[in-house]
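Have a look at target_39.cif below; it lists mmCIF, C-alpha atoms.
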data_protein
loop_
_atom_site.group_PDB
_atom_site.id
_atom_site.type_symbol
_atom_site.label_atom_id
_atom_site.label_comp_id
_atom_site.auth_asym_id
_atom_site.auth_seq_id
_atom_site.Cartn_x
_atom_site.Cartn_y
_atom_site.Cartn_z
ATOM 1 C CA MET A 284 -5.121 -3.251 14.042
ATOM 2 C CA ARG A 285 -8.204 -4.562 15.821
ATOM 3 C CA LEU A 286 -10.754 -1.862 16.527
ATOM 4 C CA ARG A 287 -12.363 -1.845 19.945
ATOM 5 C CA ASN A 288 -16.106 -2.262 19.824
ATOM 6 C CA VAL A 289 -18.025 0.596 21.407
ATOM 7 C CA PRO A 290 -21.289 -0.672 22.918
ATOM 8 C CA GLY A 291 -24.311 1.179 21.590
ATOM 9 C CA SER A 292 -22.391 2.919 18.794
ATOM 10 C CA ASP A 293 -24.716 1.674 16.049
ATOM 11 C CA GLU A 294 -27.775 2.894 17.917
ATOM 12 C CA THR A 295 -26.176 6.272 18.645
ATOM 13 C CA ILE A 296 -25.368 6.780 14.970
ATOM 14 C CA GLU A 297 -28.796 5.691 13.785
ATOM 15 C CA ASN A 298 -30.500 8.084 16.229
ATOM 16 C CA SER A 299 -28.314 11.071 15.367
ATOM 17 C CA ASN A 300 -29.516 13.864 13.081
ATOM 18 C CA LYS A 301 -25.894 14.418 12.008
ATOM 19 C CA ALA A 302 -25.134 10.888 10.780
ATOM 20 C CA TYR A 303 -26.497 8.775 7.947
ATOM 21 C CA THR A 304 -26.464 5.016 7.498
ATOM 22 C CA ASN A 305 -28.567 5.091 4.308
ATOM 23 C CA PRO A 306 -26.695 7.798 2.349
ATOM 24 C CA GLU A 307 -27.786 6.453 -1.043
ATOM 25 C CA ASP A 308 -31.187 8.008 -0.345
ATOM 26 C CA TYR A 309 -29.621 11.484 -0.534
ATOM 27 C CA LYS A 310 -27.672 11.109 -3.775
ATOM 28 C CA GLY A 311 -27.968 14.335 -5.734
ATOM 29 C CA SER A 312 -29.694 16.190 -2.921
ATOM 30 C CA TRP A 313 -27.032 16.800 -0.270
ATOM 31 C CA LYS A 314 -27.501 20.562 -0.602
ATOM 32 C CA ASN A 315 -31.084 20.031 0.518
ATOM 33 C CA VAL A 316 -29.769 18.246 3.604
ATOM 34 C CA PHE A 317 -27.764 21.346 4.502
ATOM 35 C CA GLY A 318 -30.446 23.756 3.286
ATOM 36 C CA ASN A 319 -28.084 25.889 1.181
ATOM 37 C CA ASP A 320 -26.013 25.950 -2.027
ATOM 38 C CA ASN A 321 -22.608 26.102 -0.369
ATOM 39 C CA GLU A 322 -19.699 23.989 -1.546
ATOM 40 C CA ILE A 323 -19.525 20.409 -0.322
ATOM 41 C CA HIS A 324 -16.183 19.054 0.889
ATOM 42 C CA ILE A 325 -15.833 15.454 2.002
ATOM 43 C CA GLU A 326 -13.213 13.587 4.004
ATOM 44 C CA ILE A 327 -12.883 9.885 3.323
ATOM 45 C CA GLY A 328 -11.729 7.967 6.367
ATOM 46 C CA MET A 329 -12.326 10.794 8.813
ATOM 47 C CA GLY A 330 -11.371 8.872 11.957
ATOM 48 C CA LYS A 331 -12.561 10.589 15.126
ATOM 49 C CA GLY A 332 -13.378 13.807 13.283
ATOM 50 C CA GLN A 333 -10.769 16.239 14.628
ATOM 51 C CA PHE A 334 -9.811 17.564 11.192
ATOM 52 C CA LEU A 335 -13.331 17.853 9.823
ATOM 53 C CA THR A 336 -14.765 19.486 12.938
ATOM 54 C CA GLN A 337 -12.059 22.143 12.961
ATOM 55 C CA MET A 338 -12.543 22.765 9.241
ATOM 56 C CA ALA A 339 -16.277 23.234 9.772
ATOM 57 C CA GLU A 340 -15.605 25.685 12.611
ATOM 58 C CA ARG A 341 -13.191 27.716 10.501
ATOM 59 C CA ASN A 342 -15.324 27.734 7.346
ATOM 60 C CA PRO A 343 -19.033 28.140 8.179
ATOM 61 C CA ASN A 344 -19.862 28.786 4.513
ATOM 62 C CA ILE A 345 -18.667 25.342 3.414
ATOM 63 C CA ASN A 346 -20.578 22.101 4.021
ATOM 64 C CA TYR A 347 -18.500 19.159 5.259
ATOM 65 C CA ILE A 348 -19.300 15.457 5.083
ATOM 66 C CA GLY A 349 -17.137 12.877 6.827
ATOM 67 C CA ILE A 350 -17.108 9.277 5.634
ATOM 68 C CA GLU A 351 -16.120 6.528 8.044
ATOM 69 C CA LYS A 352 -16.542 2.781 7.744
ATOM 70 C CA TYR A 353 -16.488 1.850 11.412
ATOM 71 C CA SER A 354 -19.250 2.737 13.870
ATOM 72 C CA SER A 355 -16.854 2.562 16.828
ATOM 73 C CA VAL A 356 -14.793 5.351 15.255
ATOM 74 C CA LEU A 357 -17.610 7.473 13.843
ATOM 75 C CA VAL A 358 -19.352 7.638 17.207
ATOM 76 C CA ARG A 359 -16.308 9.422 18.645
ATOM 77 C CA ALA A 360 -16.728 12.118 16.007
ATOM 78 C CA LEU A 361 -20.360 12.513 17.032
ATOM 79 C CA GLU A 362 -19.261 12.967 20.624
ATOM 80 C CA LYS A 363 -17.157 15.948 19.546
ATOM 81 C CA LEU A 364 -20.347 17.655 18.363
ATOM 82 C CA GLU A 365 -22.290 17.189 21.588
ATOM 83 C CA ASP A 366 -21.381 20.670 22.833
ATOM 84 C CA ASN A 367 -21.019 22.187 19.382
ATOM 85 C CA GLU A 368 -23.946 23.496 17.363
ATOM 86 C CA LEU A 369 -22.201 23.306 13.996
ATOM 87 C CA ASP A 370 -24.803 22.923 11.272
ATOM 88 C CA ASN A 371 -22.385 22.596 8.344
ATOM 89 C CA ILE A 372 -21.137 19.097 9.120
ATOM 90 C CA ARG A 373 -22.597 15.624 8.604
ATOM 91 C CA PHE A 374 -21.248 12.089 8.868
ATOM 92 C CA ILE A 375 -21.815 8.994 6.779
ATOM 93 C CA ARG A 376 -21.168 5.417 7.850
ATOM 94 C CA MET A 377 -20.151 3.573 4.703
ATOM 95 C CA ASP A 378 -17.325 1.988 2.771
ATOM 96 C CA ALA A 379 -15.571 4.434 0.443
ATOM 97 C CA GLU A 380 -15.988 1.973 -2.422
ATOM 98 C CA ASN A 381 -19.648 3.021 -2.582
ATOM 99 C CA ILE A 382 -18.994 6.723 -3.049
ATOM 100 C CA GLU A 383 -20.507 6.805 -6.546
ATOM 101 C CA ASN A 384 -23.781 5.473 -5.125
ATOM 102 C CA VAL A 385 -23.951 8.371 -2.669
ATOM 103 C CA PHE A 386 -22.935 11.442 -4.702
ATOM 104 C CA GLU A 387 -23.930 12.558 -8.189
ATOM 105 C CA GLN A 388 -21.428 13.674 -10.800
ATOM 106 C CA GLY A 389 -20.272 17.160 -9.857
ATOM 107 C CA GLU A 390 -21.906 17.156 -6.420
ATOM 108 C CA VAL A 391 -18.609 17.353 -4.522
ATOM 109 C CA ASP A 392 -16.168 20.280 -4.650
ATOM 110 C CA LYS A 393 -13.211 18.841 -2.733
ATOM 111 C CA ILE A 394 -12.074 15.522 -1.283
ATOM 112 C CA TYR A 395 -9.691 15.141 1.649
ATOM 113 C CA LEU A 396 -7.719 11.948 2.216
ATOM 114 C CA ASN A 397 -5.833 12.080 5.503
ATOM 115 C CA PHE A 398 -3.498 9.327 6.676
ATOM 116 C CA SER A 399 -5.319 6.612 4.779
ATOM 117 C CA ASP A 400 -4.576 2.939 5.369
ATOM 118 C CA PRO A 401 -1.380 2.229 3.347
ATOM 119 C CA TRP A 402 -2.365 -1.364 2.522
ATOM 120 C CA PRO A 403 1.356 -2.240 2.223
ATOM 121 C CA LYS A 404 1.035 -5.588 0.422
ATOM 122 C CA ASP A 405 1.174 -5.315 -3.381
ATOM 123 C CA ARG A 406 -1.881 -7.496 -3.835
ATOM 124 C CA HIS A 407 -3.909 -4.937 -1.856
ATOM 125 C CA ALA A 408 -2.784 -1.915 -3.893
ATOM 126 C CA LYS A 409 -6.236 -1.416 -5.420
ATOM 127 C CA ARG A 410 -7.625 -0.806 -1.920
ATOM 128 C CA ARG A 411 -5.431 2.246 -1.371
ATOM 129 C CA LEU A 412 -7.514 5.415 -1.490
ATOM 130 C CA THR A 413 -5.085 7.016 -3.957
ATOM 131 C CA SER A 414 -5.094 4.066 -6.366
ATOM 132 C CA HIS A 415 -6.171 4.412 -9.996
ATOM 133 C CA ARG A 416 -9.359 2.580 -9.056
ATOM 134 C CA PHE A 417 -10.350 5.123 -6.399
ATOM 135 C CA LEU A 418 -9.189 8.125 -8.420
ATOM 136 C CA ASP A 419 -11.653 7.054 -11.116
ATOM 137 C CA ARG A 420 -14.396 7.046 -8.495
ATOM 138 C CA TYR A 421 -13.486 10.551 -7.350
ATOM 139 C CA ASN A 422 -13.571 11.702 -10.962
ATOM 140 C CA ASN A 423 -17.202 10.617 -11.098
ATOM 141 C CA VAL A 424 -18.367 12.694 -8.126
ATOM 142 C CA LEU A 425 -16.166 15.810 -8.246
ATOM 143 C CA LYS A 426 -16.931 19.000 -10.100
ATOM 144 C CA LYS A 427 -14.755 19.650 -13.140
ATOM 145 C CA ASP A 428 -12.510 21.991 -11.141
ATOM 146 C CA GLY A 429 -12.633 19.862 -7.999
ATOM 147 C CA VAL A 430 -9.475 18.780 -6.225
ATOM 148 C CA VAL A 431 -8.203 16.010 -3.973
ATOM 149 C CA GLU A 432 -5.884 16.815 -1.068
ATOM 150 C CA PHE A 433 -3.914 13.921 0.392
ATOM 151 C CA LYS A 434 -1.705 13.779 3.500
ATOM 152 C CA THR A 435 0.354 10.894 4.884
ATOM 153 C CA ASP A 436 3.585 10.145 6.702
ATOM 154 C CA ASN A 437 4.054 6.879 4.801
ATOM 155 C CA ASP A 438 6.877 7.226 2.251
ATOM 156 C CA LEU A 439 5.921 4.229 0.125
ATOM 157 C CA LEU A 440 2.253 5.202 -0.029
ATOM 158 C CA PHE A 441 3.192 8.744 -1.022
ATOM 159 C CA GLU A 442 5.509 7.490 -3.788
ATOM 160 C CA PHE A 443 2.710 5.233 -4.999
ATOM 161 C CA SER A 444 0.252 8.138 -4.966
ATOM 162 C CA LEU A 445 2.559 10.430 -6.939
ATOM 163 C CA GLU A 446 2.829 7.703 -9.582
ATOM 164 C CA GLN A 447 -0.861 6.814 -9.689
ATOM 165 C CA ALA A 448 -2.210 10.337 -10.180
ATOM 166 C CA PRO A 449 -0.719 11.020 -13.640
ATOM 167 C CA GLU A 450 -1.355 7.432 -14.709
ATOM 168 C CA ALA A 451 -5.040 7.972 -13.919
ATOM 169 C CA GLY A 452 -5.113 11.253 -15.876
ATOM 170 C CA TRP A 453 -4.800 13.626 -12.929
ATOM 171 C CA ASN A 454 -2.560 16.679 -12.627
ATOM 172 C CA ILE A 455 -0.285 17.072 -9.618
ATOM 173 C CA ASP A 456 -0.872 20.720 -8.724
ATOM 174 C CA ALA A 457 1.452 20.738 -5.725
ATOM 175 C CA PHE A 458 3.257 18.335 -3.440
ATOM 176 C CA THR A 459 5.766 18.316 -0.606
ATOM 177 C CA TRP A 460 7.631 15.669 1.351
ATOM 178 C CA ASP A 461 7.840 17.912 4.422
ATOM 179 C CA LEU A 462 4.583 19.795 4.883
ATOM 180 C CA HIS A 463 5.350 21.398 8.218
ATOM 181 C CA ASN A 464 8.477 23.008 6.781
ATOM 182 C CA ASP A 465 6.779 24.145 3.583
ATOM 183 C CA ALA A 466 5.582 27.679 4.282
ATOM 184 C CA GLU A 467 3.216 27.816 1.322
ATOM 185 C CA LEU A 468 1.460 24.454 1.620
ATOM 186 C CA ASN A 469 1.411 24.510 5.419
ATOM 187 C CA GLU A 470 -0.409 27.844 5.586
ATOM 188 C CA GLY A 471 -3.758 27.260 7.295
ATOM 189 C CA ASN A 472 -3.021 23.567 7.763
ATOM 190 C CA VAL A 473 -5.411 21.758 10.104
ATOM 191 C CA MET A 474 -3.878 18.699 11.711
ATOM 192 C CA THR A 475 -5.584 15.352 12.165
ATOM 193 C CA GLU A 476 -5.164 13.101 15.191
ATOM 194 C CA TYR A 477 -2.607 11.008 13.327
ATOM 195 C CA GLU A 478 -0.781 14.054 12.030
ATOM 196 C CA THR A 479 -0.364 15.370 15.558
ATOM 197 C CA LYS A 480 0.871 11.987 16.759
ATOM 198 C CA PHE A 481 3.239 11.201 13.906
ATOM 199 C CA SER A 482 4.767 14.665 13.635
ATOM 200 C CA SER A 483 5.462 14.644 17.386
ATOM 201 C CA MET A 484 7.439 11.440 16.764
ATOM 202 C CA GLY A 485 9.571 13.264 14.207
ATOM 203 C CA ASN A 486 7.889 11.836 11.118
ATOM 204 C CA LYS A 487 7.756 14.139 8.106
ATOM 205 C CA ILE A 488 4.275 14.778 6.780
ATOM 206 C CA HIS A 489 3.755 14.538 3.017
ATOM 207 C CA LYS A 490 1.026 16.321 1.074
ATOM 208 C CA MET A 491 -0.242 16.162 -2.499
ATOM 209 C CA ILE A 492 -2.932 18.241 -4.241
ATOM 210 C CA ILE A 493 -4.297 16.910 -7.522
ATOM 211 C CA SER A 494 -6.931 17.876 -10.069
ATOM 212 C CA ARG A 495 -8.083 16.741 -13.510
#
Here is a file; write its structure as structure tokens.
Amino acid sequence: MRLRNVPGSDETIENSNKAYTNPEDYKGSWKNVFGNDNEIHIEIGMGKGQFLTQMAERNPNINYIGIEKYSSVLVRALEKLEDNELDNIRFIRMDAENIENVFEQGEVDKIYLNFSDPWPKDRHAKRRLTSHRFLDRYNNVLKKDGVVEFKTDNDLLFEFSLEQAPEAGWNIDAFTWDLHNDAELNEGNVMTEYETKFSSMGNKIHKMIISR
């Protein structure tokens, strides 16, 4: 899918006090950015920020960082904060492959992966955010008891993810093929833009929670 360019998005991001284009400079010191010792939860591929913004509103004692590769998408998340004085949320423009250059070992408490690109071709499997390759990266930034929560409506990607986790040395703590009809896992669920769209089309939402 071709992303529409948003004129001035790069400048808006660079001038914002909520977004960072040089996140490597803050490696190991993200708690100083927030000015507290609260947990840090990150969402990789945050899209327009609906999920992360609602999470930050619900949990003021948790710091949230959204990672998004595309300026034209990230700027929409910034727009959501224009009339919102949330101080426990920040955004990073970067490729997820560089996550180990941005966070120290043990600096992150939880990682959210929501409706990630399925990269359906086999030769692109290593690009999937639940691949062995990326799980190793998460292992190098999460605390020992940190977890990854993953949601998708893509059956093949979910099957792949359930296989990759144990192969990479992770434990599958919980999973469901039908989140919205799973009373336990759906409790407190915050929906993303894609989740709202796909579930309204009748697609079942899958969720997996893993730890080491």
If you count only C-alpha atoms, which residues fall within 12 Å of Asn342 of chain A, apart from same-chain ones fewer than 4 positions away, as an NGL selection string?
-> :A and (321-324 or 335-338 or 346-347 or 369-372 or 471 or 473)
Per residue of segment 362-432 of chain A within 10 Å of segment 452-469 of chain A, record the nearest atom pair and its distance in Å to one decimal, counting all atoms listed in the file, with rows in chain order and ascending residue number, as a Markdown table.
| residue | atom | partner | partner_atom | distance |
| --- | --- | --- | --- | --- |
| A:His415 | CA | A:Gly452 | CA | 9.1 |
| A:Leu418 | CA | A:Trp453 | CA | 8.4 |
| A:Asp419 | CA | A:Gly452 | CA | 9.1 |
| A:Asn422 | CA | A:Trp453 | CA | 9.2 |
| A:Val430 | CA | A:Asp456 | CA | 9.2 |
| A:Val431 | CA | A:Ile455 | CA | 9.8 |
| A:Glu432 | CA | A:Ala457 | CA | 9.5 |
Excluding segment 437-446 of chain A and its own-chain neighbours fewer than 3 positions away, which residues fall within 7 Å of it when counting all atoms listed in the file? Please give them as a PDB file with C-alpha atoms, in the coordinates of the input.
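Final file, result_15.pdb:
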ATOM      1  CA  PRO A 401      -1.380   2.229   3.347  1.00  0.00           C
ATOM      2  CA  THR A 413      -5.085   7.016  -3.957  1.00  0.00           C
ATOM      3  CA  SER A 414      -5.094   4.066  -6.366  1.00  0.00           C
ATOM      4  CA  PRO A 449      -0.719  11.020 -13.640  1.00  0.00           C
ATOM      5  CA  GLU A 450      -1.355   7.432 -14.709  1.00  0.00           C
TER       6      GLU A 450
END
May I ask for the distance between atom CA of Arg376 of chain A and atom CA of Leu357 of chain A, given in Å to one decimal place?
-> 7.3 Å
Contacts of Ile382 of chain A at 8 Å (all atoms listed in the file; same-chain gap of 2+ positions) as a ChimeraX atom specification | /A:378-380,384-386,420-421,424
Evaluating the PyMOL selection byres ((chain A and resi 327) around 9) on the displayed file yields which residues, as a list in words?
->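 This file gives the following for the PyMOL selection byres ((chain A and resi 327) around 9): Ile325, Glu326, Gly328, Met329, Gly330, Ile348, Gly349, Ile350, Glu351, Ala379, Ile394, Tyr395, Leu396, Asn397, Ser399 and Leu412 of chain A.
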Between A:Lys301, A:Lys490, A:Lys314, A:Lys434, which one has atoms that come closest to Tyr477 of chain A, using all atoms listed in the file?
->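 The shortest atom-to-atom distance to Tyr477 of chain A comes from A:Lys434.
Using all atoms listed in the file, the smallest distance between any of A:Arg495, A:Ser292, A:Tyr303, A:Thr435 and Ala451 of chain A comes from A:Arg495.
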Residues picked by the PyMOL selection byres ((chain A and resi 354) around 12) here, as number ranges by chain?
-> A: 286-297, 302-304, 328-331, 350-353, 355-361, 374-378
Record the distance separating atom CA of Asn472 of chain A and atom CA of Gly485 of chain A, expressed in Å with one decimal.
->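 Calculated distance between atom CA of Asn472 of chain A and atom CA of Gly485 of chain A is 17.5 Å.
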Could you jot down the atom CA of Ile345 of chain A to atom CA of Trp313 of chain A separation for me, Å, one decimal place?
->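 It comes out at 12.5 Å.
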Distance criterion (only C-alpha atoms): nearest to Glu476 of chain A out of A:Lys404, A:Glu362, A:Asn298, A:Phe398 =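 Looking only at the distances to Glu476 of chain A, the closest residue turns out to be A:Phe398.
Proximity of A:Asn344, A:Gln333, A:Gln447, A:Ser494 to Gly429 of chain A, computed with only C-alpha atoms, is greatest for A:Ser494.
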